[in-house]
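K.L.:
Pasting a structure below so you can have a look.
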Amino acid sequence: MFDLDRKPVWSAHLIYKGWQLATPACIPGSGTFNITECALPSAARRSGLALSNHTKADILLVITTLLAGGGWIMSKESLAGFSPLLFISSRFALAGLLLLSVNAAALTRLTYEQWKGSLLVGLFFGCGMVFWILGLQLATHIGVGAFLVSLGVVLVPLLGVFFGDRPGRYVYYSLPCVVGGLACLSLDSGFDIGLGELCFLASAVFLALMFIANSKASSKTPTGPLTTIQLLVTGAITLLVSAFFEQWQIPDEWNIWGWFMASVLIGTVLRFSIQTRAQGMAPISHAAIIMTLEPVWAALMAAAWLGDSMSALQMAGCGLIFLAMLVNRWPAVRAWYKTARA
């Protein structure tokens, strides 16, 4: 993993409304990655303000959703020159190899149980991505497919019960807002189910299982080795399927390669490192609800960057998802309000 107390070697920074986020700028071979100190507000660090792990996880997960939303733009631009599965497999495999170069020693120190948990995360993720691509190829209504895949985060609290998770009541209170918001964002022409849509639903189940497995593994396994393994396994599974089921197309334009590298470094290495770290600090169901912000940021960024228009229904969907965030964290919001009034 990374140790952000070391000297930066990547210079890029992302600034969003006062949050300063360095890309994984410090890459020693120690196998320790303290992304929390990097991603927290600089004002909070200077003032010595103590934040609970739950609050830190909230901040890191919101940053993760921002990076994931930006990842949609990077992927969209990259797919102008890549075959879909080849792009996904190359993206995850290269990201995994980059992390392997700095986490090789840490990988040798993992126990059998840590290896098993990490491989399971990669297996679920790889299967989820394969079914997602199959859905894209077979589905007749992409909006329905996007809605079904988004339901993966709704399945997390429900499936998590079978893995020992006990969501609080506010998680369940927020689910109707989540489902309604995702439906408003995605469903634009009815709701039809075919083979493609069933592939999207299978993808949602596997991605939900991946999220649960990642939360479980991240509490027992260092972030760097865990992220390395899951990305390499995902890359290997999607590359195998790509080799058998699609004709490879490789871009010859440098700008597309630039977008590809951005998707590797920012949309994959940085995003999944932060997400894995954050999931180890927060309850499974709580983290899943915050991750529903991803399609909101993706829609807003697409409107700003690609010129996509957003209907009133989609804006309402964004509002419902933000409302779900407040409902999910209502005890903390209420406590903050009481403190502010005191």
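For the structure tokens, the naming scheme is as follows: chains receive sequential letters (A, B, ...) according to their order of presentation, residues are indexed from 1 within each chain, and ligands are indexed from 1 in presentation order.
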Pick out the residues sitting within 8 Å of Pro157 of chain A, and hand them over as a short mmCIF file (atom, residue, chain, number, x, y, z; two decimals) with N, CA, C and O atoms, in the first residue's frame; count only C-alpha atoms, and ignore anything fewer than 6 positions along from it in its own chain.
P.N.:
data_model
loop_
_atom_site.label_atom_id
_atom_site.label_comp_id
_atom_site.auth_asym_id
_atom_site.auth_seq_id
_atom_site.Cartn_x
_atom_site.Cartn_y
_atom_site.Cartn_z
N ASP A 165 -24.16 -8.93 8.99
CA ASP A 165 -24.37 -7.49 9.11
C ASP A 165 -25.75 -7.22 9.71
O ASP A 165 -26.72 -7.90 9.35
N PRO A 167 -27.93 -4.03 9.84
CA PRO A 167 -28.14 -2.60 9.54
C PRO A 167 -29.08 -1.95 10.55
O PRO A 167 -30.03 -2.57 11.04
N VAL A 171 -31.00 2.81 7.88
CA VAL A 171 -30.60 2.27 6.57
C VAL A 171 -31.84 1.83 5.81
O VAL A 171 -32.02 2.14 4.62
N ILE A 284 -21.18 -2.12 6.64
CA ILE A 284 -21.39 -2.48 5.23
C ILE A 284 -22.56 -1.72 4.63
O ILE A 284 -22.45 -1.10 3.56
N SER A 285 -23.71 -1.77 5.28
CA SER A 285 -24.92 -1.16 4.72
C SER A 285 -24.80 0.35 4.62
O SER A 285 -25.26 0.97 3.65
N ALA A 288 -22.74 1.24 1.63
CA ALA A 288 -23.47 1.00 0.38
C ALA A 288 -24.41 2.15 0.05
O ALA A 288 -24.54 2.56 -1.11
#
K.L.:
Quick one: everything within 7 Å of Phe200 of chain A, counting only C-alpha atoms, minus sequence neighbours fewer than 4 positions away in the same chain. Send it as a VMD selection string.
P.N.:
chain A and resid 131 to 132 135 145 148 to 149 196 204
K.L.:
Write a file of the just-selected residues containing N, CA and C atoms, as a short mmCIF file (atom, residue, chain, number, x, y, z; two decimals), in the first residue's frame.
P.N.:
data_model
loop_
_atom_site.label_atom_id
_atom_site.label_comp_id
_atom_site.auth_asym_id
_atom_site.auth_seq_id
_atom_site.Cartn_x
_atom_site.Cartn_y
_atom_site.Cartn_z
N PHE A 131 -20.94 -9.96 -16.51
CA PHE A 131 -22.39 -9.91 -16.73
C PHE A 131 -22.84 -8.51 -17.13
N TRP A 132 -22.14 -7.49 -16.63
CA TRP A 132 -22.47 -6.11 -17.02
C TRP A 132 -22.22 -5.89 -18.50
N GLY A 135 -24.79 -7.72 -20.50
CA GLY A 135 -26.04 -6.96 -20.47
C GLY A 135 -26.04 -5.83 -21.48
N GLY A 145 -31.41 -1.41 -17.69
CA GLY A 145 -30.20 -2.08 -17.25
C GLY A 145 -29.44 -1.29 -16.21
N LEU A 148 -31.19 -1.64 -12.94
CA LEU A 148 -31.01 -2.95 -12.32
C LEU A 148 -29.62 -3.09 -11.71
N VAL A 149 -28.59 -2.61 -12.41
CA VAL A 149 -27.23 -2.68 -11.86
C VAL A 149 -27.13 -1.81 -10.61
N GLY A 196 -30.88 -9.64 -21.69
CA GLY A 196 -29.91 -8.61 -21.33
C GLY A 196 -30.17 -8.06 -19.94
N ALA A 204 -25.76 -7.10 -10.78
CA ALA A 204 -26.07 -6.41 -9.52
C ALA A 204 -25.85 -7.33 -8.33
#
K.L.:
Just want the 12 Å neighbourhood of Phe163 of chain A, counted on only C-alpha atoms, with same-chain residues fewer than 5 positions away dropped. Output as a list in words.
P.N.:
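Counting only the stated atoms, we get Val156, Pro157, Leu158, Ala208, Leu209, Phe211, Ile212, Ala213, Ser215, Lys216, Ile284 and Ser285 of chain A.
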K.L.:
Can you write out the residues you just picked, keeping C-alpha atoms, as a tab-separated table (two decimals), in the first residue's frame?
P.N.:
chain	number	residue	atom	x	y	z
A	156	VAL	CA	-26.17	-5.01	0.05
A	157	PRO	CA	-28.18	-4.42	3.28
A	158	LEU	CA	-30.52	-7.30	2.38
A	208	ALA	CA	-23.43	-6.59	-4.08
A	209	LEU	CA	-21.58	-9.75	-3.00
A	211	PHE	CA	-19.14	-5.05	-1.83
A	212	ILE	CA	-19.94	-7.25	1.18
A	213	ALA	CA	-16.84	-9.41	0.69
A	215	SER	CA	-16.00	-4.82	3.54
A	216	LYS	CA	-15.31	-8.07	5.36
A	284	ILE	CA	-21.39	-2.48	5.23
A	285	SER	CA	-24.92	-1.16	4.72
K.L.:
Counting only C-alpha atoms, which residue out of A:Ile289, A:Leu97, A:Val161, A:Ile88 sits closest to Leu323 of chain A?
P.N.:
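Using only C-alpha atoms, Leu323 of chain A sits closest to A:Ile289.
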K.L.:
So how many Å separate atom CA of Ala104 of chain A and atom CA of Ser219 of chain A, to one decimal?
P.N.:
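About the pair atom CA of Ala104 of chain A and atom CA of Ser219 of chain A: they are 20.0 Å apart.
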K.L.:
When distances are computed from only C-alpha atoms, which of A:Ser78, A:Ser203, A:Ser52, A:Ser83 shows the smallest separation from Asn255 of chain A?
P.N.:
A:Ser78
K.L.:
Pick out each residue of segment 188-226 of chain A that DSSP on the backbone tags as helix (DSSP H, G or I); I need them as a ChimeraX atom specification.
P.N.:
/A:195-218,223-226
K.L.:
Considering only C-alpha atoms, state which residue in the set A:Leu85, A:Cys127, A:Ile250, A:Val296 is at the smallest distance from Ala68 of chain A.
P.N.:
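Looking at the shortest contact to Ala68 of chain A, the residue is A:Val296.
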K.L.:
Record the distance separating atom CA of Ala93 of chain A and atom CA of Thr228 of chain A, expressed in Å with one decimal.
P.N.:
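Separating atom CA of Ala93 of chain A from atom CA of Thr228 of chain A is a distance of 9.3 Å.
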K.L.:
Calculate how many Å separate atom CA of Ala282 of chain A from atom CA of Thr223 of chain A, rounding to one decimal.
P.N.:
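We find that atom CA of Ala282 of chain A and atom CA of Thr223 of chain A lie 14.2 Å from each other.
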K.L.:
What's the 12 Å shell around Ile133 of chain A, counting only C-alpha atoms, without same-chain residues fewer than 3 positions away, as JSON, numbers by chain?
P.N.:
{"A": [83, 84, 85, 86, 87, 88, 89, 126, 127, 128, 129, 130, 136, 137, 138, 139, 142, 145, 146, 149, 196, 197, 199, 200, 201, 202, 203, 238, 241, 242, 245, 246]}
K.L.:
Need to verify the contact set: segment 173-188 of chain A, 10 Å, only C-alpha atoms, exclusion of same-chain residues closer than 3 positions in sequence. Can you return it as a ChimeraX atom specification?
P.N.:
/A:141-151,153-155,157,168-170,191,289-290,292-293,295-296,299,310-330
K.L.:
Residues at most 12 Å from Leu110 of chain A, counting only C-alpha atoms, excluding those fewer than 6 positions away in the same chain, as a compact mmCIF listing (two decimals) with C-alpha atoms, in the first residue's frame?
P.N.:
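File selection34.txt, as written:
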# COMPACT_ATOMS: atom_id res chain seq x y z
CA GLY A 31 2.92 -2.01 2.41
CA ASN A 103 2.98 -4.31 -2.60
CA ALA A 104 4.87 -7.47 -3.57
CA LYS A 116 -8.95 -16.37 0.40
CA GLY A 117 -10.95 -13.27 1.29
CA SER A 118 -9.08 -11.10 -1.22
CA LEU A 119 -9.45 -13.62 -4.05
CA ALA A 217 -11.83 -8.48 3.87
CA LYS A 220 -8.70 -7.98 8.21
CA THR A 221 -6.34 -7.28 5.29
CA PRO A 222 -4.11 -4.26 4.56
CA THR A 223 -5.55 -2.00 1.88
CA GLY A 224 -2.68 -2.27 -0.61
CA PRO A 225 -2.46 -6.07 -0.94
CA LEU A 226 -6.25 -6.43 -0.91
CA ILE A 229 -5.40 -8.86 -5.59
K.L.:
Kindly indicate which residue among A:Leu61, A:Ile73, A:Leu120, A:Val233 lies nearest to Ala303 of chain A, using only C-alpha atoms for the distances.
P.N.:
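Smallest separation from Ala303 of chain A among the options: A:Ile73.
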K.L.:
With distances taken over only C-alpha atoms, which of A:Leu159, A:Gln275, A:Leu198, A:Gly70 is nearest to Ala304 of chain A?
P.N.:
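Counting only C-alpha atoms, the residue closest to Ala304 of chain A is A:Gly70.
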K.L.:
Of the residues A:Ser263, A:Gln279, A:Thr227, A:Asn53, which is the one nearest to Gly69 of chain A, using only C-alpha atoms?
P.N.:
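The shortest atom-to-atom distance to Gly69 of chain A comes from A:Ser263.
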